[in-house]
Amino acid sequence: MAQDGADRMIVMRDVHKWFGEFHVLRGITLEVARGQKVVVCGPSGSGKSTMIRCINGLEDYQRGEIVVDGIPLDGDVKHLDAIRREVGMVFQQFNLFPHLTVMENLILAPMHVKHMPRREAEELAMFFLERVRIPEQAHKYPGQLSGGQQQRVAIARALCMRPKIMLFDEPTSALDPEMVKEVLDVMIELAEEGMTMVVVTHEMGFARQVADFICFMDQGEIVEMAPPAEFFSRPRSERTRLFLSQILH
Amino acid sequence: MAVRSESPREIPRPPVSERIGPLAWLKHNLFSTWYNTLLTFLVLWLLWVTLVPFVEWAVVNATLAGTSKADCPADGACWALVRVRFHQYLFGLYPVEERWRVLLAFALLVAGMVPLFLPRMPRRILYAIVLILVYPPVAYLLFAGGRFGLVPVETANWGGLFLTLVIAGVGITTSLPLGILLALGRRSSMPVVRALSVAFIELVRGVPLVTILFMASVMLPLFLPPGVTIDKLLRALVGVSLFSSAYMAEVVRGGLQAIPKGQYEAAMALGLSYWQMMRLVILPQALRLVIPGIVNTFIGLFKDTSLVTIIGLYDLLGMAKLITTDPAWLGRAAESYLFAAFGFWIFCFGMSRYSMYVERVLAAGRERD
Ligand SMILES: Nc1ncnc2c1ncn2[C@@H]1O[C@H](COP(=O)(O)OP(=O)(O)O)[C@@H](O)[C@H]1O
Ligand SMILES: [Mg+2]
């Protein structure tokens with residue numbers, strides 16, 4: 001997909017991973033260029049979360065190679081730290097820190113990882129809270145917010161580290177239907193600004209609108225990878241067709 | 001069929017506040033059924049045969065005046081003993097003219113701790129750490145003397161409530177940090193660290209504290225080169241601290257286990273280091289969850305300090321025992337032990353109430369979910 005070598009933000013080459021005996025990733029090869037948006041879909045248990053979590057080292061892998069923005073993810077702790085500073089992640093379950101206010105959640109990493117002064121970190125946090133449209137909630141605790149608001153705070157928290165890449169693992173799956181849109185809108189805006197994104201989701205409307213290409217995973221493999229138009233109208237694999245028929249009705 | 005005392009079709013009752021007078025309350029709570037009535041009378045009778053003689057002995061027939069057992073009533077408590085020896089219960093055999101040093105040290109501690117309880121104190125944790133590092137040498141200098149013109153006082157003469165508080169205080173301030181480190185070690189991904197932590201915790205938990213104290217006082221000197229001695233009190237302090245840190249480790253581990261995996265992952269994904277993640281995200285949540293267990297361990301530790309009597313230190317209980325051997329008060333052991341028990345109870349009850357207060361404040365601080 002990416003032509004210019006310097007512009008390849010994520011490179012995964014023949015990545016294999018085992019959980020004990022279980023071969024969960026079977027040779028994943030994926031390249032994401034700067035500013036590209038990749039949507040990953042596939043049946044539950046196909047290894048989508050495991051793959052995306054490999055990109056920022058939340059899971060290790062046993063074979064193959066991962067390079068993020070030119071930094072190899074090779075077990076070197078310095079490389080891992082450097083990659084995590086560049087990669088933001090948003091989880092299905094939000095994972096906000098419940099003992100801290102929204103503001104404290106947002107300034108924690110900038111202050112302690114980037115050693116930013118508090119005042120500056122707070123200004124940055126307010127900037128992103130306004131971007132996700134909840135500046136008025138800054139002094140509440142996560143438990144006092146709705147699911148949609150919590151997920152928007154989680155996005156803002158990741159953005160406060162000024163990442164070059166954002167990973168989303170089913171960001172709307174734990175939300176009540178009426179809150180899905182407010183989160184997707186924030187993600188669409190982010191995509192329009194040129195953020196490099198890898199998004200695991202089954203929101204096919206979102207995929208159609210923002211994805212440069214869609215990855216379909218099954219049983220630890222990328223079965224099909226294509227731009228949305230092609231993916232939806234002319235799926236090549238039988239497994240993709242079956243999956244699409246199940247989620248598109 | 002089960003016996004039903006009330007018909008299910010009863011007319012709705014008035015609200016509780018209107019219904020309950022003292023008589024109605026009695027009837028409702030103590031005499032609602034025949035077996036409840038029986039139980040009520042049984043308990044009343046038990047109270048009558050135990051409490052009444054006790055109050056007669058401890059209050060009605062008791063005396064506070066007098067200077068020896070000759071002045072004591074035969075059928076009442078002789079609190080004169082406690083009055084006359086009160087200072088020994090507090091200070092043991094610490095020289096009378098030097099006791100101001102102990103009081104000064106405790107006053108310093110109280111003064112030093114005031115800022116910790118101010119509601120809007122910045123850098124509270126940092127202040128606490130500085131206090132923990134600075135206070136012990138100061139207190140030790142005051143207690144032991146030997147410098148700056150202070151008369152030396154051997155630790156063998158430290159005693160009474162003072163000694164109890166020294167041991168408990170040292171035990172409490174070292175067992176929490178040590179326990180946290182051991183708990184983290186036990187959950188570490190490094191096999192050596194994990195094995196060492198598990199071995200220490202299981203070894204120490206598997207042995208009674210008395211054994212540890214005995215080993216520290218009898219066996220340790222065997223391994224030391226001749227001429228080198230380690231202060232008896234220091235050995236007791238080390239024994240008590242290590243013992244309670246093993247228990248503390250398990251309490252803290254319980255809290256760590258209750259924190260969802262997602263919290264660790266979010267912290268790591270943000271780029272926090274292991275220690276930052278623990279300090280800023282995991283431990284604040286985990287410790288909050290186990291405050292009751294932590295305080296429980298503190299209370300246990302406080303009471304366990306009385307075991308140092310066995311290796312010849314005179315803490316509050318040891319002092320109470322020593323006083324009973326004084327011929328002037330022979331046969332007045334009950335008063336002495338009761339007073340010591342009361343001393344322990346005051347402190348343990350205080351800790352328990354304080355922990356309840358802390359939990360309430362934390363709960364009110366953020367109504368979650
Ligand atoms: N920590 C783990 N240990 C063992 N098996 C795991 C672990 N995490 C995930 N798995 C298994 O790996 C497979 C892929 O999981 P996952 O990547 O979460 O799938 P998806 O996100 O596509 O639903 C599943 O079968 C799951 O049970
Ligand atoms: Mg998943």
# chains A, B, ... in the order shown; residues from 1 in each chain; ligands from 1

call {"tool": "closest_atom_pairs", "arguments": {"of": "chain A", "to": "ligand 1", "cutoff": "9 Å", "atoms": "only C-alpha atoms and all ligand atoms", "output": "CSV"}}
result
residue,atom,partner,partner_atom_place_in_ligand_line,distance
A:Trp18,CA,ligand 1,5 (N),8.4
A:Phe19,CA,ligand 1,4 (C),4.9
A:Gly20,CA,ligand 1,4 (C),7.2
A:Phe22,CA,ligand 1,5 (N),7.2
A:His23,CA,ligand 1,12 (O),8.2
A:Val24,CA,ligand 1,12 (O),5.4
A:Leu25,CA,ligand 1,14 (C),8.1
A:Cys41,CA,ligand 1,22 (O),7.9
A:Gly42,CA,ligand 1,22 (O),6.5
A:Pro43,CA,ligand 1,22 (O),6.2
A:Ser44,CA,ligand 1,23 (O),3.7
A:Gly45,CA,ligand 1,19 (O),3.5
A:Ser46,CA,ligand 1,22 (O),4.0
A:Gly47,CA,ligand 1,17 (O),3.2
A:Lys48,CA,ligand 1,22 (O),3.7
A:Ser49,CA,ligand 1,21 (O),3.7
A:Thr50,CA,ligand 1,17 (O),3.7
A:Met51,CA,ligand 1,17 (O),6.4
A:Ile52,CA,ligand 1,17 (O),8.2
A:Arg53,CA,ligand 1,17 (O),8.3
A:Glu59,CA,ligand 1,1 (N),8.5
A:Asp169,CA,ligand 1,21 (O),7.8
A:Glu170,CA,ligand 1,21 (O),8.4
A:Val200,CA,ligand 1,21 (O),8.1
A:Met217,CA,ligand 1,22 (O),7.7
A:Asp218,CA,ligand 1,22 (O),8.0
A:Gln219,CA,ligand 1,14 (C),8.0
A:Gly220,CA,ligand 1,14 (C),7.4

call {"tool": "residues_around", "arguments": {"residues": "B:Ser68", "least_positions_apart": "4", "cutoff": "8 Å", "atoms": "only C-alpha atoms", "output": "ChimeraX atom specification"}}
result
/B:72,80-81,328-329

call {"tool": "select_by_dssp", "arguments": {"residues": "stretch 25-115 of chain A", "states": "helix (DSSP H, G or I)", "output": "list in words"}}
result
Lys48, Ser49, Thr50, Met51, Ile52, Arg53, Cys54, Ile55, Val77, Lys78, His79, Leu80, Asp81, Ala82, Ile83, Arg84, Arg85, Glu86, Val102, Met103, Glu104, Asn105, Leu106, Ile107, Leu108, Ala109, Pro110, Met111 and His112 of chain A

call {"tool": "select_by_dssp", "arguments": {"residues": "stretch 115-330 of chain B", "states": "strand (DSSP E or B)", "output": "number ranges by chain"}}
result
B: 158-159, 314-315

call {"tool": "write_last_selection", "arguments": {"atoms": "N, CA and C atoms", "output": "mmCIF file, in the first residue's frame"}}
result
data_model
loop_
_atom_site.group_PDB
_atom_site.id
_atom_site.type_symbol
_atom_site.label_atom_id
_atom_site.label_comp_id
_atom_site.auth_asym_id
_atom_site.auth_seq_id
_atom_site.Cartn_x
_atom_site.Cartn_y
_atom_site.Cartn_z
ATOM 1 N N TRP B 158 13.906 1.131 78.383
ATOM 2 C CA TRP B 158 12.702 1.647 77.731
ATOM 3 C C TRP B 158 11.573 0.697 78.090
ATOM 4 N N GLY B 159 10.411 1.212 78.328
ATOM 5 C CA GLY B 159 9.357 0.268 78.698
ATOM 6 C C GLY B 159 7.979 0.891 78.708
ATOM 7 N N TYR B 314 10.148 -4.936 78.541
ATOM 8 C CA TYR B 314 8.986 -4.612 79.358
ATOM 9 C C TYR B 314 8.093 -3.601 78.663
ATOM 10 N N ASP B 315 7.289 -4.082 77.749
ATOM 11 C CA ASP B 315 6.309 -3.216 77.107
ATOM 12 C C ASP B 315 5.140 -3.029 78.070
#

call {"tool": "interface_residues", "arguments": {"of": "chain A", "to": "chain B", "cutoff": "10 Å", "atoms": "only C-alpha atoms", "output": "PyMOL selection string"}}
result
chain A and resi 53+56-58+80-101+105+108-110+112-114+140-146+154+157-161+163

call {"tool": "residues_around", "arguments": {"residues": "A:His202", "least_positions_apart": "2", "cutoff": "10 Å", "atoms": "only C-alpha atoms", "output": "MDAnalysis selection string"}}
result
chainID A and resid 39:43 170:173 199:200 204:207 247:248

call {"tool": "write_last_selection", "arguments": {"atoms": "C-alpha atoms", "output": "tab-separated table (two decimals), in the first residue's frame"}}
result
chain	number	residue	atom	x	y	z
A	39	VAL	CA	-10.30	-0.87	9.48
A	40	VAL	CA	-9.92	-4.42	10.75
A	41	CYS	CA	-12.93	-6.70	10.98
A	42	GLY	CA	-13.57	-10.39	11.33
A	43	PRO	CA	-15.35	-12.90	13.52
A	170	GLU	CA	-13.74	-2.02	19.14
A	171	PRO	CA	-14.22	1.47	20.61
A	172	THR	CA	-18.00	1.42	20.26
A	173	SER	CA	-18.80	-2.19	21.12
A	199	VAL	CA	-9.46	0.59	13.92
A	200	VAL	CA	-10.95	-2.75	14.86
A	204	MET	CA	-19.28	-0.74	8.38
A	205	GLY	CA	-20.68	2.75	7.79
A	206	PHE	CA	-17.59	4.16	9.45
A	207	ALA	CA	-15.38	1.83	7.43
A	247	ILE	CA	-23.13	-8.40	9.61
A	248	LEU	CA	-24.79	-6.47	6.78

call {"tool": "closest_residue", "arguments": {"among": "A:Val15, A:Met179, A:Ile10, A:Ile71", "to": "A:Val32", "atoms": "only C-alpha atoms"}}
result
A:Ile10

call {"tool": "residues_around", "arguments": {"residues": "A:Met126", "least_positions_apart": "4", "cutoff": "12 Å", "atoms": "only C-alpha atoms", "output": "PyMOL selection string"}}
result
chain A and resi 102-107+119-122+130-139+153+156-157+159-160

call {"tool": "closest_residue", "arguments": {"among": "B:Ala128, B:Leu301, B:Leu182, B:Leu316", "to": "B:Val198", "atoms": "only C-alpha atoms"}}
result
B:Leu182

call {"tool": "residues_around", "arguments": {"residues": "A:Ile66", "least_positions_apart": "2", "cutoff": "9 Å", "atoms": "only C-alpha atoms", "output": "PyMOL selection string"}}
result
chain A and resi 10-15+54-55+64+68+71-74

call {"tool": "residues_around", "arguments": {"residues": "B:Arg235", "least_positions_apart": "2", "cutoff": "9 Å", "atoms": "only C-alpha atoms", "output": "PyMOL selection string"}}
result
chain B and resi 213+216-217+220+230-233+237-240

call {"tool": "write_last_selection", "arguments": {"atoms": "C-alpha atoms", "output": "JSON list (two decimals), in the first residue's frame"}}
result
[["chain", "number", "residue", "atom", "x", "y", "z"],
["B", 213, "LEU", "CA", 11.51, -13.39, 68.43],
["B", 216, "ALA", "CA", 16.28, -13.38, 66.89],
["B", 217, "SER", "CA", 17.32, -13.22, 70.53],
["B", 220, "LEU", "CA", 21.24, -14.72, 66.03],
["B", 230, "ILE", "CA", 22.90, -6.49, 68.36],
["B", 231, "ASP", "CA", 20.65, -4.58, 70.67],
["B", 232, "LYS", "CA", 17.80, -6.70, 71.98],
["B", 233, "LEU", "CA", 15.22, -4.09, 71.09],
["B", 237, "LEU", "CA", 11.95, -4.49, 65.96],
["B", 238, "VAL", "CA", 13.34, -6.38, 63.00],
["B", 239, "GLY", "CA", 11.40, -9.50, 63.96],
["B", 240, "VAL", "CA", 8.09, -7.68, 64.37]]

call {"tool": "residues_around", "arguments": {"residues": "B:Thr173", "least_positions_apart": "3", "cutoff": "10 Å", "atoms": "only C-alpha atoms", "output": "count of residues only"}}
result
10

call {"tool": "atom_distance", "arguments": {"atom1": "atom CA of B:Ala65", "atom2": "atom CA of B:Phe349"}}
result
29.2 Å

call {"tool": "closest_residue", "arguments": {"among": "A:Gln62, A:Thr201, A:Gln151, A:Thr240", "to": "ligand 2", "atoms": "only C-alpha atoms and all ligand atoms"}}
result
A:Thr201

call {"tool": "closest_residue", "arguments": {"among": "B:Asp326, B:Val166, B:Leu118, B:Ala320", "to": "B:Phe342", "atoms": "only C-alpha atoms"}}
result
B:Ala320
